[in-house]
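The file entry05.csv contains CSV, C-alpha atoms and all ligand atoms:
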```
chain,number,residue,atom,x,y,z
R,856,ILE,CA,-0.4,13.2,-2.1
R,857,LEU,CA,1.3,12.9,1.3
R,858,LYS,CA,0.7,16.6,2.1
R,859,THR,CA,-3.0,16.3,1.3
R,860,ALA,CA,-3.2,13.1,3.3
R,861,ARG,CA,-2.4,15.0,6.4
R,862,SER,CA,-5.7,16.8,6.2
R,863,PHE,CA,-7.6,13.6,5.5
R,864,ARG,CA,-5.8,12.0,8.5
R,865,GLU,CA,-7.5,14.7,10.6
R,866,VAL,CA,-10.9,13.9,9.1
R,867,GLY,CA,-10.4,10.3,10.5
R,868,THR,CA,-10.2,11.7,14.0
R,869,ARG,CA,-13.6,13.5,13.9
R,870,ARG,CA,-16.7,12.1,15.4
R,871,ILE,CA,-18.4,12.3,12.0
R,872,LYS,CA,-15.6,11.0,9.6
R,873,LYS,CA,-17.0,12.2,6.4
R,874,VAL,CA,-16.6,15.1,3.9
R,875,PRO,CA,-18.7,15.7,0.7
R,876,THR,CA,-15.7,15.9,-1.6
R,877,LEU,CA,-16.6,13.0,-4.0
R,878,ARG,CA,-20.4,13.2,-3.7
R,879,GLY,CA,-21.9,11.8,-6.9
R,880,ARG,CA,-18.7,9.9,-7.9
R,881,THR,CA,-18.6,6.1,-8.0
R,882,VAL,CA,-15.6,4.0,-7.1
R,883,CYS,CA,-15.4,0.3,-7.9
R,884,ASN,CA,-13.1,-2.0,-6.0
R,885,LEU,CA,-12.2,-4.8,-8.4
R,886,PHE,CA,-10.3,-7.5,-6.5
R,887,PHE,CA,-9.2,-10.7,-8.1
R,888,GLU,CA,-6.9,-11.6,-5.1
R,889,PRO,CA,-7.5,-11.8,-1.4
R,890,SER,CA,-7.2,-8.6,0.6
R,891,THR,CA,-8.1,-7.3,4.0
R,892,ARG,CA,-6.3,-4.0,4.5
R,893,THR,CA,-6.2,-2.6,0.9
R,894,ARG,CA,-9.8,-3.4,0.0
R,895,ILE,CA,-11.4,-2.2,3.2
R,896,SER,CA,-9.1,0.9,3.3
R,897,PHE,CA,-10.1,1.9,-0.3
R,898,GLU,CA,-13.8,1.3,0.6
R,899,LEU,CA,-13.5,3.4,3.7
R,900,ALA,CA,-11.6,6.1,2.0
R,901,ALA,CA,-14.2,6.4,-0.8
R,902,LYS,CA,-17.1,6.4,1.7
R,903,ARG,CA,-15.4,9.0,3.9
R,904,LEU,CA,-15.3,11.2,0.8
R,905,SER,CA,-19.0,10.5,0.2
R,906,ALA,CA,-18.4,8.5,-3.0
R,907,ASP,CA,-20.6,5.6,-3.9
R,908,VAL,CA,-18.7,2.3,-3.7
R,909,ILE,CA,-19.1,-1.0,-5.5
R,910,ASN,CA,-17.2,-4.0,-4.3
R,911,PHE,CA,-16.6,-6.6,-7.0
R,912,THR,CA,-14.6,-9.8,-6.4
R,913,GLY,CA,-13.7,-12.0,-9.4
R,914,ASP,CA,-15.1,-15.1,-7.8
R,915,ALA,CA,-17.8,-17.7,-8.5
R,916,LYS,CA,-20.5,-15.1,-8.0
R,917,SER,CA,-19.5,-13.0,-10.9
R,918,SER,CA,-19.9,-13.6,-14.7
R,919,LEU,CA,-16.1,-14.2,-14.9
R,920,SER,CA,-17.0,-17.7,-13.7
R,921,LYS,CA,-19.1,-18.0,-16.9
R,922,GLY,CA,-16.2,-17.2,-19.1
R,923,GLU,CA,-16.5,-13.4,-19.3
R,924,SER,CA,-13.1,-11.8,-20.0
R,925,PHE,CA,-11.3,-9.2,-17.9
R,926,LYS,CA,-11.8,-6.7,-20.7
R,927,ASP,CA,-15.5,-7.3,-21.0
R,928,THR,CA,-15.9,-7.1,-17.2
R,929,ALA,CA,-14.0,-3.7,-17.2
R,930,GLN,CA,-16.1,-2.3,-20.1
R,931,THR,CA,-19.3,-3.4,-18.3
R,932,LEU,CA,-18.3,-1.4,-15.3
R,933,GLN,CA,-17.4,1.5,-17.5
R,934,ALA,CA,-20.8,1.3,-19.2
R,935,MET,CA,-22.4,1.7,-15.7
R,936,GLY,CA,-20.5,5.0,-15.3
R,937,VAL,CA,-17.9,4.2,-12.6
R,938,ASP,CA,-15.4,7.0,-12.2
R,939,ALA,CA,-12.5,5.0,-10.7
R,940,ILE,CA,-11.6,1.3,-10.6
R,941,VAL,CA,-9.3,0.1,-7.9
R,942,VAL,CA,-7.8,-3.1,-9.1
R,943,ARG,CA,-5.9,-6.0,-7.5
R,944,HIS,CA,-4.8,-8.8,-9.8
R,945,SER,CA,-2.4,-11.7,-9.7
R,946,SER,CA,-0.9,-10.6,-13.1
R,947,ALA,CA,1.8,-8.0,-13.3
R,948,GLY,CA,0.6,-5.2,-15.6
R,949,ALA,CA,-3.1,-5.9,-15.3
R,950,PRO,CA,-4.0,-2.3,-14.0
R,951,GLN,CA,-2.1,-0.8,-16.9
R,952,ARG,CA,-3.9,-3.0,-19.4
R,953,LEU,CA,-7.2,-2.1,-17.8
R,954,SER,CA,-6.4,1.6,-18.0
R,955,GLY,CA,-6.3,1.2,-21.8
R,956,TRP,CA,-9.9,-0.1,-22.0
R,957,VAL,CA,-11.8,2.3,-19.7
R,958,GLU,CA,-12.2,6.1,-19.3
R,959,ALA,CA,-12.3,5.7,-15.5
R,960,SER,CA,-9.3,6.4,-13.4
R,961,VAL,CA,-7.5,3.2,-12.6
R,962,ILE,CA,-5.6,2.6,-9.3
R,963,ASN,CA,-3.2,-0.3,-8.8
R,964,ALA,CA,-4.0,-2.0,-5.5
R,965,GLY,CA,-1.3,-4.6,-6.1
R,966,ASP,CA,-0.5,-6.5,-9.4
R,967,GLY,CA,1.3,-9.8,-9.0
R,968,ALA,CA,4.8,-9.5,-7.8
R,969,HIS,CA,5.2,-6.2,-9.7
R,970,GLU,CA,4.0,-3.1,-7.6
R,971,HIS,CA,1.8,-2.0,-4.8
R,972,PRO,CA,2.1,1.8,-5.1
R,973,THR,CA,-0.5,2.8,-2.5
R,974,GLN,CA,1.2,0.6,0.1
R,975,ALA,CA,4.4,2.5,-0.6
R,976,LEU,CA,2.7,5.9,-0.3
R,977,LEU,CA,1.2,5.0,3.1
R,978,ASP,CA,4.5,3.7,4.2
R,979,LEU,CA,6.2,6.9,3.2
R,980,TYR,CA,3.6,8.8,5.1
R,981,SER,CA,4.1,6.7,8.2
R,982,ILE,CA,7.9,7.1,8.1
R,983,ARG,CA,7.5,10.8,7.7
R,984,GLU,CA,5.5,11.0,10.9
R,985,HIS,CA,8.6,9.9,12.8
R,986,PHE,CA,11.6,11.5,11.0
R,987,PRO,CA,12.0,15.1,9.9
R,988,SER,CA,13.4,14.2,6.5
R,989,PHE,CA,13.9,11.2,4.2
R,990,GLN,CA,17.4,12.5,3.2
R,991,GLY,CA,20.0,10.0,4.4
R,992,LEU,CA,17.4,7.8,6.2
R,993,ARG,CA,18.5,4.2,6.1
R,994,VAL,CA,15.7,1.7,5.4
R,995,GLY,CA,16.2,-2.1,5.3
R,996,ILE,CA,13.6,-4.1,3.5
R,997,VAL,CA,13.9,-7.6,4.8
R,998,GLY,CA,12.8,-11.0,3.5
R,999,ASP,CA,11.1,-12.2,0.3
R,1000,ILE,CA,12.2,-9.4,-2.0
R,1001,LEU,CA,11.9,-11.7,-5.1
R,1002,HIS,CA,8.1,-12.0,-4.8
R,1003,SER,CA,7.3,-8.7,-3.1
R,1004,ARG,CA,5.5,-5.9,-4.9
R,1005,VAL,CA,5.7,-3.9,-1.7
R,1006,ALA,CA,9.5,-4.0,-1.8
R,1007,ARG,CA,9.5,-2.8,-5.4
R,1008,SER,CA,7.2,0.1,-4.8
R,1009,ASN,CA,8.8,1.1,-1.5
R,1010,ALA,CA,12.3,1.0,-3.1
R,1011,LEU,CA,11.2,3.4,-5.8
R,1012,GLY,CA,9.3,5.7,-3.4
R,1013,LEU,CA,12.0,5.8,-0.8
R,1014,ARG,CA,14.8,6.5,-3.2
R,1015,ALA,CA,12.7,9.2,-4.9
R,1016,MET,CA,12.4,10.9,-1.5
R,1017,GLY,CA,16.1,10.6,-0.8
R,1018,ALA,CA,16.3,7.6,1.5
R,1019,HIS,CA,18.9,4.9,1.3
R,1020,VAL,CA,17.5,1.4,0.8
R,1021,THR,CA,19.1,-2.0,1.6
R,1022,PHE,CA,17.4,-5.2,0.5
R,1023,VAL,CA,18.2,-7.9,3.1
R,1024,GLY,CA,17.5,-11.6,2.7
R,1025,PRO,CA,18.7,-15.0,1.5
R,1026,PRO,CA,20.1,-15.1,-2.0
R,1027,THR,CA,17.3,-17.3,-3.1
R,1028,LEU,CA,14.7,-14.6,-2.3
R,1029,MET,CA,16.6,-11.8,-4.1
R,1030,PRO,CA,15.5,-10.8,-7.6
R,1031,PRO,CA,17.9,-11.3,-10.5
R,1032,ALA,CA,19.5,-8.1,-12.1
R,1033,ILE,CA,19.3,-6.2,-8.8
R,1034,ALA,CA,22.1,-3.9,-10.0
R,1035,GLY,CA,19.8,-1.4,-11.7
R,1036,TRP,CA,17.7,-0.9,-8.5
R,1037,GLY,CA,20.0,1.6,-6.9
R,1038,VAL,CA,19.8,-0.3,-3.6
R,1039,ASP,CA,22.4,-2.1,-1.4
R,1040,VAL,CA,22.1,-5.8,-0.8
R,1041,SER,CA,22.9,-7.7,2.4
R,1042,TYR,CA,22.6,-11.4,3.0
R,1043,SER,CA,23.0,-11.0,6.7
R,1044,LEU,CA,20.3,-9.2,8.8
R,1045,GLU,CA,22.5,-8.9,11.9
R,1046,ASP,CA,25.3,-7.2,9.9
R,1047,VAL,CA,23.0,-4.3,9.0
R,1048,LEU,CA,20.4,-4.1,11.9
R,1049,GLY,CA,22.5,-1.5,13.9
R,1050,SER,CA,22.7,0.9,11.0
R,1051,LEU,CA,19.0,1.0,10.0
R,1052,ASP,CA,16.4,3.7,10.9
R,1053,VAL,CA,13.6,1.6,9.6
R,1054,VAL,CA,13.4,-2.2,9.5
R,1055,TYR,CA,10.7,-3.1,7.0
R,1056,LEU,CA,9.8,-6.8,7.3
R,1057,LEU,CA,8.1,-8.7,4.5
R,1058,ARG,CA,6.0,-11.9,4.6
R,1059,VAL,CA,7.4,-15.0,2.9
R,1060,GLN,CA,4.9,-15.3,0.0
R,1061,GLN,CA,4.5,-19.0,-0.2
R,1062,GLU,CA,1.5,-18.6,-2.6
R,1063,ARG,CA,3.8,-17.0,-5.2
R,1064,GLN,CA,6.6,-19.5,-4.9
R,1065,SER,CA,6.7,-22.3,-7.4
R,1066,GLU,CA,9.7,-24.0,-5.8
R,1067,GLN,CA,11.2,-24.4,-2.3
R,1068,LEU,CA,13.3,-21.3,-2.0
R,1069,VAL,CA,13.9,-21.6,1.8
R,1070,PRO,CA,14.3,-25.0,3.5
R,1071,SER,CA,11.5,-24.3,6.0
R,1072,LEU,CA,9.7,-21.5,7.7
R,1073,ARG,CA,11.4,-22.5,10.9
R,1074,GLU,CA,14.8,-22.0,9.3
R,1075,TYR,CA,13.7,-18.7,7.9
R,1076,ALA,CA,12.6,-17.5,11.3
R,1077,THR,CA,15.9,-18.5,12.8
R,1078,PHE,CA,18.0,-16.6,10.3
R,1079,TRP,CA,15.7,-13.8,9.1
R,1080,GLY,CA,13.0,-13.4,11.7
R,1081,LEU,CA,13.0,-10.3,14.0
R,1082,ASP,CA,12.8,-11.4,17.6
R,1083,GLY,CA,13.6,-9.6,20.9
R,1084,ARG,CA,17.3,-10.5,20.7
R,1085,ARG,CA,17.7,-8.8,17.3
R,1086,VAL,CA,15.6,-5.8,18.3
R,1087,ALA,CA,18.2,-5.2,21.0
R,1088,MET,CA,20.8,-4.7,18.2
R,1089,MET,CA,18.7,-1.9,16.6
R,1090,LYS,CA,19.1,1.8,17.1
R,1091,PRO,CA,16.8,2.9,20.0
R,1092,GLU,CA,14.7,5.2,17.8
R,1093,ALA,CA,14.5,2.8,14.8
R,1094,LEU,CA,11.0,1.8,13.6
R,1095,ILE,CA,9.7,-1.6,12.7
R,1096,MET,CA,7.2,-1.8,9.9
R,1097,HIS,CA,5.3,-4.5,8.0
R,1098,PRO,CA,2.7,-4.2,5.3
R,1099,GLY,CA,0.6,-7.0,6.7
R,1100,PRO,CA,-0.6,-9.6,6.8
R,1101,MET,CA,2.0,-10.6,9.4
R,1102,ASN,CA,3.1,-14.2,10.0
R,1103,ARG,CA,3.8,-14.1,13.7
R,1104,GLY,CA,6.6,-16.5,14.6
R,1105,VAL,CA,8.1,-16.4,11.0
R,1106,GLU,CA,9.3,-13.0,9.9
R,1107,ILE,CA,8.4,-11.3,13.2
R,1108,SER,CA,8.0,-12.8,16.7
R,1109,ALA,CA,4.7,-12.1,18.6
R,1110,GLU,CA,6.5,-10.0,21.2
R,1111,VAL,CA,8.1,-7.8,18.5
R,1112,ALA,CA,4.8,-7.5,16.6
R,1113,ASP,CA,3.3,-5.9,19.8
R,1114,LEU,CA,6.1,-3.4,20.5
R,1115,LYS,CA,5.3,0.3,20.5
R,1116,ARG,CA,8.0,0.9,17.9
R,1117,THR,CA,6.3,-1.6,15.6
R,1118,ILE,CA,3.9,0.8,13.8
R,1119,VAL,CA,1.8,-1.7,11.8
R,1120,THR,CA,-1.5,-0.4,13.0
R,1121,ASP,CA,-0.5,3.2,12.3
R,1122,GLN,CA,0.4,2.1,8.8
R,1123,VAL,CA,-3.2,0.8,8.4
R,1124,THR,CA,-4.7,4.0,9.9
R,1125,ASN,CA,-2.6,6.2,7.6
R,1126,GLY,CA,-3.6,4.0,4.6
R,1127,VAL,CA,-7.1,5.3,4.8
R,1128,ALA,CA,-5.9,8.9,4.7
R,1129,VAL,CA,-3.4,8.4,1.9
R,1130,ARG,CA,-6.0,6.6,-0.2
R,1131,MET,CA,-8.5,9.4,0.5
R,1132,SER,CA,-5.8,11.8,-0.7
R,1133,LEU,CA,-5.2,9.8,-3.9
R,1134,LEU,CA,-8.9,9.5,-4.7
R,1135,TYR,CA,-9.3,13.2,-4.1
R,1136,HIS,CA,-6.4,14.0,-6.5
R,1137,MET,CA,-7.7,11.7,-9.1
R,1138,LEU,CA,-11.5,12.5,-8.9
R,1139,GLY,CA,-11.8,15.6,-6.8
R,1140,THR,CA,-11.6,18.0,-9.7
R,1141,PHE,CA,-14.3,18.4,-12.3
R,1142,GLU,CA,-12.0,20.1,-14.8
R,1143,ARG,CA,-10.7,16.9,-16.4
R,1144,PRO,CA,-11.7,16.5,-20.1
R,1145,GLY,CA,-15.0,14.6,-20.3
R,1146,ALA,CA,-15.8,15.0,-16.6
R,1147,PRO,CA,-19.3,16.2,-15.7
R,1148,ASP,CA,-19.7,19.8,-14.5
R,1149,ALA,CA,-19.2,20.3,-10.8
R,1150,PRO,CA,-22.4,20.4,-8.7
R,1151,GLN,CA,-23.1,23.8,-7.3
R,1152,GLU,CA,-23.8,22.9,-3.7
R,1153,PRO,CA,-21.6,24.7,-1.1
R,1154,VAL,CA,-18.9,22.8,0.6
R,1155,GLU,CA,-20.3,21.6,4.0
R,1156,SER,CA,-17.2,20.3,5.8
R,1157,ALA,CA,-13.8,20.7,4.2
R,1158,PRO,CA,-10.7,19.1,5.8
R,1159,ALA,CA,-8.9,21.4,8.1
R,1160,GLU,CA,-5.5,23.1,7.5
R,1161,PRO,CA,-2.6,22.7,6.7
R,1162,VAL,CA,-3.7,21.9,3.2
R,1163,THR,CA,-6.6,23.8,1.7
R,1164,LEU,CA,-8.9,21.6,-0.3
R,1165,GLY,CA,-12.1,23.7,-0.4
R,1166,SER,CA,-11.8,25.0,-3.9
R,1167,LEU,CA,-11.8,21.5,-5.4
R,1168,HIS,CA,-14.8,20.1,-3.5
R,1169,GLY,CA,-17.7,19.0,-5.7
W,1,LIG,N1,-0.7,-4.8,2.8
W,1,LIG,C1,-1.7,-5.4,2.0
W,1,LIG,O1,-1.8,-5.2,0.8
W,1,LIG,O2,-2.6,-6.1,2.7
W,1,LIG,P1,-3.9,-6.8,2.1
W,1,LIG,O3,-3.4,-8.0,1.2
W,1,LIG,O4,-4.7,-7.3,3.3
W,1,LIG,O5,-4.6,-5.9,1.3
```
Produce structure tokens that represent the structure in this file.
Ligand code: CP
Amino acid sequence: ILKTARSFREVGTRRIKKVPTLRGRTVCNLFFEPSTRTRISFELAAKRLSADVINFTGDAKSSLSKGESFKDTAQTLQAMGVDAIVVRHSSAGAPQRLSGWVEASVINAGDGAHEHPTQALLDLYSIREHFPSFQGLRVGIVGDILHSRVARSNALGLRAMGAHVTFVGPPTLMPPAIAGWGVDVSYSLEDVLGSLDVVYLLRVQQERQSEQLVPSLREYATFWGLDGRRVAMMKPEALIMHPGPMNRGVEISAEVADLKRTIVTDQVTNGVAVRMSLLYHMLGTFERPGAPDAPQEPVESAPAEPVTLGSLHG
């Protein structure tokens, strides 16, 4: 996925940012939770691949407000012939459940406090742009680990690629049974800052907290926020990352958010390319059982090298 994303990243730099790869395919964005980056990024990714896109939010304008179930909603979309459903839901496991009800490919765009796999993929891609290898790379994921689907997916992805992960934060924001994660834990940001190649900051997810786990956001900022003084403790080449949305003045100061080494906007740009790559891998072949035959039109504009995609264009 990351290798193919390199080619799609190049498509995003062209004047006409579009290839015909998924012409005739339909992608539905099914979002039951707020999103800016992920929803727009998936929409843009599908459109740049020439797919048709439907945006569906489970709000008062849909029949969910009249009592229709998640399953019936999904099967309604299936009956209209969607090829992929990108789903964000407040319940952990919702995308997996959905995948049992529909033939369409299902992509998890964030499920509760469980996982956010495409965020992790775009983060891996973004880190790889700055370091020759993941082997031995030291990544600190800082903040509200307990409620963070981004922390879970990144820990899995980074470890799979050979990086070393440290969860950093107050004990109240660490998940229980962390031993099986294969990560180190630190309760002091300043103890580990100087050893990290990547400082990955998380938002304090107040919407997922049912009790007061930190005394105040001001105290959080004092002990866990990354400000200019703490940046001075980091390795000169170390990166600062954040999945967004950022709370400036809480986990990251405004001055640090705007530093060159803070690659938040690069993460967003790379997110489109990585999601194009993912959609391409899931929908770009017509050889899946039950998939319609490939249209016969010639490929008009394939992504450039280094990865050859031409043979799989519809
Ligand atoms: N990083 C992320 O998932 O952002 P959104 O909630 O805006 O999609």
(request) Within 7 Å of range 1088-1098 of chain R, counting all atoms listed in the file, which residues show up once you throw out same-chain ones fewer than 2 positions away? Write them as an NGL selection string, please. (result) :R and (1048-1049 or 1051-1057 or 1085-1086 or 1100 or 1116-1119)
(request) Let me have all residues with an atom within 9 Å of ligand LIG 1 (chain W), counting all atoms listed in the file, laid out as a list in words. (result) Glu888, Pro889, Ser890, Thr891, Arg892, Thr893, Arg894, Ile895, Ser896, Arg943, Ala964, Gly965, His971, Thr973, Gln974, Val1005, His1097, Pro1098, Gly1099, Pro1100 and Val1123 of chain R
(request) Could you jot down the CA of Tyr1135 in chain R to CA of Leu953 in chain R separation for me, Å, one decimal place? (result)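 Between these atoms lies a distance of 20.6 Å.
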(request) Give the answer as one residue: which of R:Gly1017, R:Gly913, R:Gly995, R:Pro972 has the shortest atom-to-atom distance to Ser945 in chain R, using all atoms listed in the file? (result)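 Of all the options, R:Gly913 lies closest to Ser945 in chain R.
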Around (15.4, -12.0, 3.5) in the file's own coordinates, what residues are found within 7 Å if you use only C-alpha atoms, given back as a tab-separated table (two decimals) with C-alpha atoms, in the coordinates of the input?
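out_28.tsv was written with the following content:
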```tsv
chain	number	residue	atom	x	y	z
R	997	VAL	CA	13.90	-7.60	4.80
R	998	GLY	CA	12.80	-11.00	3.50
R	999	ASP	CA	11.10	-12.20	0.30
R	1000	ILE	CA	12.20	-9.40	-2.00
R	1023	VAL	CA	18.20	-7.90	3.10
R	1024	GLY	CA	17.50	-11.60	2.70
R	1025	PRO	CA	18.70	-15.00	1.50
R	1028	LEU	CA	14.70	-14.60	-2.30
R	1079	TRP	CA	15.70	-13.80	9.10
```
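Of the residues listed (R:Ser905, R:Ser862, R:Thr1077, R:Asn1009), R:Ser905 shows the shortest atom-to-atom separation from Gly879 in chain R; distances use all atoms listed in the file.
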(request) Point out the residue among R:Arg1103, R:Arg993, R:Arg1073, R:Arg983 with the least atom-to-atom distance to Leu857 in chain R, counting all atoms listed in the file. (result)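 Ranked by minimum distance to Leu857 in chain R, first place goes to R:Arg983.
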Please, could N, CA and C atoms be added to range 909-931 of chain R and the result written as a compact mmCIF listing (two decimals), keeping the file's coordinate frame?
```
# COMPACT_ATOMS: atom_id res chain seq x y z
N ILE R 909 -18.72 0.35 -5.05
CA ILE R 909 -19.10 -1.00 -5.50
C ILE R 909 -17.95 -1.92 -5.18
N ASN R 910 -18.22 -3.03 -4.51
CA ASN R 910 -17.20 -4.00 -4.30
C ASN R 910 -17.40 -5.22 -5.19
N PHE R 911 -16.43 -5.53 -6.00
CA PHE R 911 -16.60 -6.60 -7.00
C PHE R 911 -15.39 -7.57 -6.77
N THR R 912 -15.68 -8.85 -6.51
CA THR R 912 -14.60 -9.80 -6.40
C THR R 912 -14.76 -10.81 -7.58
N GLY R 913 -13.66 -11.07 -8.24
CA GLY R 913 -13.70 -12.00 -9.40
C GLY R 913 -13.83 -13.41 -8.97
N ASP R 914 -14.94 -13.75 -8.28
CA ASP R 914 -15.10 -15.10 -7.80
C ASP R 914 -16.28 -15.79 -8.46
N ALA R 915 -16.71 -16.89 -7.88
CA ALA R 915 -17.80 -17.70 -8.50
C ALA R 915 -19.10 -16.96 -8.63
N LYS R 916 -19.26 -15.86 -7.89
CA LYS R 916 -20.50 -15.10 -8.00
C LYS R 916 -20.59 -14.15 -9.13
N SER R 917 -19.47 -13.94 -9.82
CA SER R 917 -19.50 -13.00 -10.90
C SER R 917 -19.53 -13.73 -12.26
N SER R 918 -19.78 -12.97 -13.33
CA SER R 918 -19.90 -13.60 -14.70
C SER R 918 -18.51 -14.02 -15.19
N LEU R 919 -17.42 -13.68 -14.47
CA LEU R 919 -16.10 -14.20 -14.90
C LEU R 919 -16.13 -15.74 -14.79
N SER R 920 -16.91 -16.27 -13.84
CA SER R 920 -17.00 -17.70 -13.70
C SER R 920 -17.74 -18.35 -14.89
N LYS R 921 -18.45 -17.51 -15.67
CA LYS R 921 -19.10 -18.00 -16.90
C LYS R 921 -18.32 -17.81 -18.12
N GLY R 922 -17.09 -17.33 -17.93
CA GLY R 922 -16.20 -17.20 -19.10
C GLY R 922 -16.04 -15.76 -19.57
N GLU R 923 -16.64 -14.78 -18.89
CA GLU R 923 -16.50 -13.40 -19.30
C GLU R 923 -15.04 -12.95 -19.14
N SER R 924 -14.53 -12.18 -20.08
CA SER R 924 -13.10 -11.80 -20.00
C SER R 924 -12.94 -10.59 -19.07
N PHE R 925 -11.68 -10.35 -18.70
CA PHE R 925 -11.30 -9.20 -17.90
C PHE R 925 -11.71 -7.90 -18.61
N LYS R 926 -11.47 -7.87 -19.93
CA LYS R 926 -11.80 -6.70 -20.70
C LYS R 926 -13.29 -6.41 -20.72
N ASP R 927 -14.09 -7.45 -20.96
CA ASP R 927 -15.50 -7.30 -21.00
C ASP R 927 -16.08 -6.88 -19.63
N THR R 928 -15.48 -7.44 -18.59
CA THR R 928 -15.90 -7.10 -17.20
C THR R 928 -15.61 -5.58 -17.00
N ALA R 929 -14.43 -5.14 -17.41
CA ALA R 929 -14.00 -3.70 -17.20
C ALA R 929 -14.97 -2.82 -18.01
N GLN R 930 -15.27 -3.21 -19.24
CA GLN R 930 -16.10 -2.30 -20.10
C GLN R 930 -17.56 -2.33 -19.58
N THR R 931 -17.98 -3.41 -18.93
CA THR R 931 -19.30 -3.40 -18.30
C THR R 931 -19.37 -2.41 -17.17
```
